[in-house]
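Accompanying notes for the structure given below.
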Amino acid sequence: MPELNILEAVRLGMDEEMERDERVMVLGEDVGKKGGVFGATEGLFAKYGAKRVLDTPLTEAMIAGAAAGAAIYGLRPIAEMQFADFVYPAFNQIVSEISRMRYRSNGTFGLPMVIRMPYGGGVHGALYHSQSNEAYFTSTVGLKVVAPGTPADAKGLLKAAVRDPDPVMFFEHKKTYRLFKAEVPDGDTVVPIGKADVARPGTHLSIFCYGLMRTFALEAAETLAREDGIEAEVVDLRSLRPLDTEAILASVEKTSRALVVHEANRFGGFGAEVAALIAEEGFEHLDAPVTRLAGPEVPGVPFHHNLEDWFMISPAKIVDAARALAAY
Amino acid sequence: MVAKETATTPPHVELGLTDDDVRAMYRQMLLARAVDERMWLMQRAGKIAFIISGQGHEGAQVATAWPLRPGQDWMAPYYRSIASAITFGMSAEDIVTAHLAKGDDVSSGGRQMPGHYGGAPYNIVSLSSPVGTQVLHAVGIAMGAWVRGEDVVTLTSFGEGTANQGEIHEAMNFAGVHRLPVVFVCENNGYAISVPLDQQVGGGNVAARAAGYGMTGVTVDGGDVLACYRAARDAHARARAGDGPTLIEAHVVRMTSHSSDDDQRRYRDPAEVEALKERDPISIFGDQLRGWGLLDEEVDTQLRADVKAEVNDASKRAEARPDPDVATALRHVYAEEQHDA
């Protein structure tokens, strides 16, 4: 098994899917010769040519809308938004068109397509290169939304997304791209959409997270075990829609305490859905209120490193929140 | 001798259309009009909730859809595209069924409002209500055909109000960059609901924008069916030859209010509305056919009677179809069979 970082895993996933199925194509800004601003598509242009690895104009609505048309035509497009922050011109296409096409056509037009988006802060990207805007999409019926936190999941979920008959929003936390390497199973290993992963078993409390937060939560869990004797269970949701409600409820049943962690701001964020699920269906297992640790209520990640550090979730912040929850 | 023959060749023959072709085009226009008028009656009778009309657009729609090859080419129409959809394969019954929102309506199974044409069996993309979104789908289909090296032309249509949407710019720019096989048809009827052309379109000329995208732009009189056909035929050929997209702006008339929820007397001069009758493409084309000796009163009366019978029959059958079952309302949110097709 090779050791890859998340960026390499995403790239290998696309490469293998393009190799396997000639209907798969990639389109986006600078995805061609340059190989993407983060390098996710590096090498694909040389291997598959300028049509299947298509540099588009700076037009996000076109990227999403043309991908939808190509999917109608029978292709399996992987569209790249250069940053999740730049997806909004495509919002009309994604929300009005892509999410609703199957329903509004009574099942006769499906859109097998993927929209990949680097998201998240901690990379000095400020207000417009750092957003965690997943909640706009998780609240949109008709889309699937995934956010892998490991190289194996990045590759395996990408393969699942490409093969899925429905549109999948694929969130890649850009700070995780080169953060660490880990083993990725060889060959055609698909990670099913809709299954959470218990990244670390524990007994005292559950931490629900995704993307970069998995890494931070695992680090926090080690500190909690070492310094406090608290055994935190880390549940990486991986797939936000559909959501693995069984895994969430099973973990709460085991630990009786739930901490939901995400980088996006708290109000109306994805954590609210997880908290509501636990409150409605796991209430009798709880020994403490469901707690959310989320980004602050400001419109974006501010630039200066002092300000960005203030904004960002960190392992230390998770440790503090977990201690308070354990002590309740 | 040669000169004399050329002088007497009817214009449709010069375009490669037979007598039967132009009579069939005329019949499609009559059929679209008859369906449209019937649905207004059904709306007044409370059977249809809403109607948005294509009356006055039929000539441009039939003519621009005429070169398309059913089962091979694609169409991404808009909410006035009754005649386009009928010309590209939808039946009168399909259209009435969709307007009645019946459970087995081919467009949406009763899920969409009237006027949201579409049908997978006909290669007609399902349409939504935010205007202009379908134009990007057309460009995407064309991109797919271009990537795969397949001989497919996609036609998409929209009004002059929609022509100002950002997505239209993005679509035309992209089609221009890669010379994609698309035919853009702007049906300019002078009004975006109530806002007239001079308050809507900077420069007043949609086709002129084509130059900025590196594509051919053509302005045609939507009352001149053969001029519309010529533009569409040439655009289709250009697309197939790899010579890129075409933007056709057809000046048509909107003979009705914007929709059944609108009253155009609030913003249109009665004299202007009255004068529209003289620009009715059906009257104009009928007169032309009579001038070429292809139509007389007897044939015209017979055609109209045929069309009326077809619409009567279509309406009867459509009304007898089942309403949607609430038990199906949760279906088709996602694919029902997860498969690796």
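Residues in the structure tokens are named by chain (A, B, ... in the order shown) and by number from 1 within that chain; ligands are numbered from 1 in the order shown.
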
Residues within 8 Å of range 236-241 of chain A, please, as a ChimeraX atom specification. Count only C-alpha atoms; anything in the same chain fewer than 5 positions from it doesn't count. /A:138,143-149,153,193-199,208-211,214

Can I get the selected residues back with N, CA and C atoms, as a PDB file, in the first residue's frame?
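What landed in selection-v6.pdb:
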ATOM      1  N   THR A 138     -25.559  21.053   2.156  1.00  0.00           N
ATOM      2  CA  THR A 138     -26.180  19.952   2.906  1.00  0.00           C
ATOM      3  C   THR A 138     -27.665  20.205   3.098  1.00  0.00           C
ATOM      4  N   LEU A 143     -28.754  16.895  -3.566  1.00  0.00           N
ATOM      5  CA  LEU A 143     -27.294  16.808  -3.623  1.00  0.00           C
ATOM      6  C   LEU A 143     -26.818  15.771  -2.614  1.00  0.00           C
ATOM      7  N   LYS A 144     -25.664  15.187  -2.887  1.00  0.00           N
ATOM      8  CA  LYS A 144     -24.929  14.454  -1.871  1.00  0.00           C
ATOM      9  C   LYS A 144     -23.702  15.294  -1.520  1.00  0.00           C
ATOM     10  N   VAL A 145     -23.290  15.227  -0.280  1.00  0.00           N
ATOM     11  CA  VAL A 145     -22.169  16.066   0.174  1.00  0.00           C
ATOM     12  C   VAL A 145     -21.210  15.210   0.983  1.00  0.00           C
ATOM     13  N   VAL A 146     -19.956  15.192   0.573  1.00  0.00           N
ATOM     14  CA  VAL A 146     -18.948  14.428   1.319  1.00  0.00           C
ATOM     15  C   VAL A 146     -17.759  15.332   1.642  1.00  0.00           C
ATOM     16  N   ALA A 147     -17.051  14.979   2.715  1.00  0.00           N
ATOM     17  CA  ALA A 147     -15.878  15.758   3.140  1.00  0.00           C
ATOM     18  C   ALA A 147     -14.876  14.807   3.782  1.00  0.00           C
ATOM     19  N   PRO A 148     -13.990  14.223   2.973  1.00  0.00           N
ATOM     20  CA  PRO A 148     -13.054  13.236   3.518  1.00  0.00           C
ATOM     21  C   PRO A 148     -11.978  13.875   4.391  1.00  0.00           C
ATOM     22  N   GLY A 149     -11.446  13.076   5.306  1.00  0.00           N
ATOM     23  CA  GLY A 149     -10.397  13.583   6.197  1.00  0.00           C
ATOM     24  C   GLY A 149      -9.112  12.791   6.142  1.00  0.00           C
ATOM     25  N   ASP A 153      -9.790   7.817   2.402  1.00  0.00           N
ATOM     26  CA  ASP A 153     -11.179   8.239   2.185  1.00  0.00           C
ATOM     27  C   ASP A 153     -11.286   9.191   1.006  1.00  0.00           C
ATOM     28  N   ILE A 193     -20.487   6.176  -0.043  1.00  0.00           N
ATOM     29  CA  ILE A 193     -21.028   7.439   0.469  1.00  0.00           C
ATOM     30  C   ILE A 193     -22.136   7.108   1.460  1.00  0.00           C
ATOM     31  N   GLY A 194     -22.112   7.799   2.612  1.00  0.00           N
ATOM     32  CA  GLY A 194     -23.184   7.585   3.592  1.00  0.00           C
ATOM     33  C   GLY A 194     -22.766   6.783   4.807  1.00  0.00           C
ATOM     34  N   LYS A 195     -21.455   6.466   4.890  1.00  0.00           N
ATOM     35  CA  LYS A 195     -20.976   5.689   6.038  1.00  0.00           C
ATOM     36  C   LYS A 195     -19.947   6.504   6.816  1.00  0.00           C
ATOM     37  N   ALA A 196     -20.196   6.649   8.111  1.00  0.00           N
ATOM     38  CA  ALA A 196     -19.217   7.314   8.975  1.00  0.00           C
ATOM     39  C   ALA A 196     -18.106   6.336   9.319  1.00  0.00           C
ATOM     40  N   ASP A 197     -17.029   6.866   9.865  1.00  0.00           N
ATOM     41  CA  ASP A 197     -15.883   6.042  10.247  1.00  0.00           C
ATOM     42  C   ASP A 197     -15.538   6.362  11.704  1.00  0.00           C
ATOM     43  N   VAL A 198     -15.538   5.340  12.552  1.00  0.00           N
ATOM     44  CA  VAL A 198     -15.091   5.556  13.928  1.00  0.00           C
ATOM     45  C   VAL A 198     -13.563   5.581  13.894  1.00  0.00           C
ATOM     46  N   ALA A 199     -13.025   6.786  13.930  1.00  0.00           N
ATOM     47  CA  ALA A 199     -11.583   6.960  13.747  1.00  0.00           C
ATOM     48  C   ALA A 199     -10.813   6.548  14.998  1.00  0.00           C
ATOM     49  N   PHE A 208     -17.950  14.330  16.995  1.00  0.00           N
ATOM     50  CA  PHE A 208     -18.386  14.163  15.607  1.00  0.00           C
ATOM     51  C   PHE A 208     -17.730  15.255  14.757  1.00  0.00           C
ATOM     52  N   CYS A 209     -17.105  14.850  13.691  1.00  0.00           N
ATOM     53  CA  CYS A 209     -16.295  15.802  12.929  1.00  0.00           C
ATOM     54  C   CYS A 209     -16.178  15.336  11.474  1.00  0.00           C
ATOM     55  N   TYR A 210     -15.504  16.145  10.656  1.00  0.00           N
ATOM     56  CA  TYR A 210     -15.214  15.768   9.263  1.00  0.00           C
ATOM     57  C   TYR A 210     -14.099  16.650   8.741  1.00  0.00           C
ATOM     58  N   GLY A 211     -13.491  16.222   7.651  1.00  0.00           N
ATOM     59  CA  GLY A 211     -12.424  17.008   7.025  1.00  0.00           C
ATOM     60  C   GLY A 211     -11.226  17.164   7.958  1.00  0.00           C
ATOM     61  N   ARG A 214     -11.117  15.999  11.710  1.00  0.00           N
ATOM     62  CA  ARG A 214     -10.780  14.635  12.120  1.00  0.00           C
ATOM     63  C   ARG A 214      -9.365  14.609  12.703  1.00  0.00           C
TER      64      ARG A 214
END

Write out as a PyMOL selection string which residues come within 10 Å of range 43-46 of chain B when counting only C-alpha atoms, dropping same-chain ones fewer than 6 positions away. chain B and resi 37+99-100+260

Based on only C-alpha atoms, which of the residues in chain A come within 8 Å of chain B? I want them as an MDAnalysis selection string. chainID A and resid 51:52 56:57 59 61:62 65:75 92:93 96:97 100:110 141:142 163:166

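Atom pair CA of Gly214 in chain B / CA of Pro245 in chain B: separated by 8.9 Å.
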
Out of range 202-253 of chain B, which residues get strand (DSSP E or B) from DSSP, as an mmCIF file with N, CA, C and O atoms, in the first residue's frame?
data_model
loop_
_atom_site.group_PDB
_atom_site.id
_atom_site.type_symbol
_atom_site.label_atom_id
_atom_site.label_comp_id
_atom_site.auth_asym_id
_atom_site.auth_seq_id
_atom_site.Cartn_x
_atom_site.Cartn_y
_atom_site.Cartn_z
ATOM 1 N N THR B 216 -21.088 33.680 -35.265
ATOM 2 C CA THR B 216 -21.950 34.319 -36.242
ATOM 3 C C THR B 216 -23.245 34.764 -35.569
ATOM 4 O O THR B 216 -23.862 33.996 -34.840
ATOM 5 N N GLY B 217 -23.657 35.974 -35.817
ATOM 6 C CA GLY B 217 -24.934 36.474 -35.336
ATOM 7 C C GLY B 217 -25.826 36.801 -36.515
ATOM 8 O O GLY B 217 -25.367 37.381 -37.502
ATOM 9 N N VAL B 218 -27.085 36.403 -36.423
ATOM 10 C CA VAL B 218 -28.012 36.620 -37.526
ATOM 11 C C VAL B 218 -29.309 37.199 -36.960
ATOM 12 O O VAL B 218 -29.820 36.700 -35.963
ATOM 13 N N THR B 219 -29.809 38.234 -37.605
ATOM 14 C CA THR B 219 -31.115 38.773 -37.217
ATOM 15 C C THR B 219 -32.128 38.395 -38.289
ATOM 16 O O THR B 219 -31.858 38.577 -39.487
ATOM 17 N N VAL B 220 -33.238 37.838 -37.865
ATOM 18 C CA VAL B 220 -34.269 37.469 -38.836
ATOM 19 C C VAL B 220 -35.636 37.952 -38.372
ATOM 20 O O VAL B 220 -35.865 38.147 -37.176
ATOM 21 N N ASP B 221 -36.505 38.118 -39.331
ATOM 22 C CA ASP B 221 -37.899 38.448 -39.047
ATOM 23 C C ASP B 221 -38.616 37.147 -38.697
ATOM 24 O O ASP B 221 -38.708 36.235 -39.521
ATOM 25 N N THR B 246 -23.876 29.623 -33.454
ATOM 26 C CA THR B 246 -24.548 30.745 -34.107
ATOM 27 C C THR B 246 -25.574 31.309 -33.142
ATOM 28 O O THR B 246 -26.227 30.547 -32.418
ATOM 29 N N LEU B 247 -25.681 32.613 -33.135
ATOM 30 C CA LEU B 247 -26.743 33.266 -32.379
ATOM 31 C C LEU B 247 -27.749 33.846 -33.367
ATOM 32 O O LEU B 247 -27.429 34.745 -34.148
ATOM 33 N N ILE B 248 -28.950 33.285 -33.349
ATOM 34 C CA ILE B 248 -30.029 33.779 -34.209
ATOM 35 C C ILE B 248 -30.976 34.608 -33.344
ATOM 36 O O ILE B 248 -31.464 34.120 -32.325
ATOM 37 N N GLU B 249 -31.190 35.830 -33.740
ATOM 38 C CA GLU B 249 -32.195 36.645 -33.065
ATOM 39 C C GLU B 249 -33.392 36.773 -33.989
ATOM 40 O O GLU B 249 -33.291 37.356 -35.071
ATOM 41 N N ALA B 250 -34.501 36.189 -33.574
ATOM 42 C CA ALA B 250 -35.710 36.242 -34.394
ATOM 43 C C ALA B 250 -36.670 37.252 -33.783
ATOM 44 O O ALA B 250 -37.067 37.121 -32.619
ATOM 45 N N HIS B 251 -37.028 38.244 -34.535
ATOM 46 C CA HIS B 251 -37.997 39.246 -34.060
ATOM 47 C C HIS B 251 -39.398 38.696 -34.236
ATOM 48 O O HIS B 251 -39.871 38.534 -35.356
#

If you run DSSP over the backbone, which residues in range 226-296 of chain A end up helix (DSSP H, G or I)? Put them as number ranges by chain. A: 226-228, 245-255, 270-281, 283-285

What gap, in Å, lies between CA of Thr291 in chain A and CA of Arg323 in chain A?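 Separation between CA of Thr291 in chain A and CA of Arg323 in chain A: 11.5 Å.
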
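From CA of Pro196 in chain B back to CA of Gln28 in chain B, the distance works out to 29.0 Å.
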
Rank A:Gly229, A:Pro296, A:Gly268, A:Gly13 by their smallest atom-to-atom distance to Leu158 in chain A, using only C-alpha atoms, and report the top residue only. A:Gly13
